[in-house]
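Shown next, in structure tokens, is the structure this report addresses.
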Amino acid sequence: MTDSIETTSAPTIVDLRRAPLADLRNLDLRAATRDFWADEAALWDRLDAESAGLDEAAWHLPGAAPSDAGGPDWSLAEHVGHLADWQELAIDYIGTAAVTGRWPSDDDYDGGDFDRFNERRRAPWTTMTRAAILARLRAARPRLLDAAHRLTLEQLRGDDAWGWVYMTLHGHYLDHLTVIEPWADDLRDRQVDGDPFIADPRPADDTALAADIAAVDALFDELVRPLVGARWLAGEVTPGWTLRDHVAHLADWMDEGARAIDVCRDTGVWLSDPEEGVDAWNERHVADRRHESPAETLARYDGAHGRLLDAAQRMSVEELRSPDGWSWVYDCHHGHVRKHLAMVGRWCVASGWPTP
């Protein structure tokens with residue numbers, strides 16, 4: 001006779017930041033065993049990273065989801081603005097409930113027609129910039145969390161409060177992530193492929209060019225520049241390439257673009273693509289620069305960025321808007337940066353998440 005040993009498998013831990021949304025939907029986030037605040041922080045991180053790297057035009061492109069009230073399709077900007085809107089509303093009603101015990105009624109919102117209520121409140125989010133929308137959301141969240149912390153966990157999980165607190169915090173994130181995640185994935189792929197999301201991205205004059213470049217630079221400064229150091233070398237962002245490789249590659253092509261403009265000014269002829277092929281050229285140059293430290297790569301990027309911008313600003317508007325001129329400026333400068341921000345943006349944010 002042999003002894004039998006019973007074994008039990010450990011419960012599966014679902015990482016709210018990284019697991020498929022379908023797995024999250026199967027969780028009872030209202031259960032007493034859940035950490036309400038940790039769950040909110042994890043889903044906030046997921047929401048915050050999802051649109052990272054997408055530029056202004058991507059944010060305002062309609063098509064994220066149809067309107068439930070029969071209006072035009074919603075954009076990413078409107079979805080995120082809607083989250084901010086309800087957080088601002090919730091700050092007031094949770095504060096009132098904490099003092100008086102009185103929670104709102106569905107009837108307070110267009111007689112319970114939340115689709116119509118939300119449709120009416122699409123403005124001002126329809127025309128606000130990405131930065132302004134995110135600033136409103138990031139300002140509302142800590143205030144809402146502060147208001148929610150005035151309630152006990154028992155109150156938060158109670159029937160009166162749950163739908164009004166959870167559903168303006170992580171419950172709301174989770175609902176909208178089902179729309180935002182696939183839509184952001186589609187926008188990211190299109191931006192990587194060079195879709196400008198507008199009919200003609202060419203500027204009308206130097207002022208417009210400077211504004212377009214400044215907008216892309218601001219996104220680079222927000223996502224990439226703060227990470228200089230070990231995180232630039234911390235694993236592959238895309239197959240075979242670290243973040244340092246991406247920035248080095250951008251610098252390589254900015255220098256090449258400045259050279260192309262100088263050659264054309266001297267000879268009247270635009271350079272052709274590398275004879276070895278663009279992919280081979282890219283890999284060779286990135287490999288040649290892997291001895292650089294992240295700080296050296298960033299300094300080289302800044303220098304190349306300035307050289308190409310100076311060269312572009314010496315071009316006439318007609319030269320800039322010509323097929324060759326525009327290709328060497330936009331496709332080596334801010335148009336190229338926006339492609340790579342779509343590749344690396346989400347990684348830049350998610351690389352700072354806690355280890356699962």
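Ordered as shown in the structure tokens, chains take letters A, B, and onward, while each chain numbers its residues from 1 and ligands are numbered from 1 in the order shown.
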**Request:** For Trp241 (chain A), please output as a ChimeraX atom specification all residues within 12 Å (counting only C-alpha atoms; exclusion window: fewer than 4 positions along the same chain).
**Result:** /A:232-237,245-249,282-283,286-287,289-290,340,343-344
**Request:** Considering only C-alpha atoms, return as JSON, numbers by chain whatever protein or nucleic-acid residues lie within 12 Å of Leu209 (chain A), sequence-local ones (same chain, fewer than 3 positions apart) excluded.
**Result:** {"A": [201, 202, 203, 204, 205, 206, 212, 213, 214, 215, 216, 309, 310, 312, 313, 315, 316, 317, 320, 321, 326, 329, 330, 333, 334, 335]}
**Request:** Could you tell me how far CA of Ile198 (chain A) lies from CA of Ser75 (chain A), in Å and to one decimal?
**Result:**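 CA of Ile198 (chain A) sits 14.2 Å away from CA of Ser75 (chain A).
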**Atom pair CA of Leu144 (chain A) / CA of Ile91 (chain A): separation (Å)** = 5.0 Å
I'd like a table as a tab-separated table: residues in region 167-265 of chain A with an atom no more than 12 Å from region 148-153 of chain A, each row giving the shortest atom pair and its distance in Å to one decimal, only C-alpha atoms counted, sorted by chain and rising residue number.
```
residue	atom	partner	partner_atom	distance
A:Met167	CA	A:Ala148	CA	12.0
A:Thr168	CA	A:Ala148	CA	10.5
A:Leu169	CA	A:Ala148	CA	9.6
```
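The set of residues in region 47-237 of chain A assigned to strand (DSSP E) by DSSP, using only backbone atoms of this structure, is A:Pro62, A:Gly63, A:Ala64, A:Ala65, A:Trp74, A:Ser75.
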**Complete:** Between CA of Asp115 (chain A) and CA of Thr178 (chain A) lies a distance of 17.3 Å
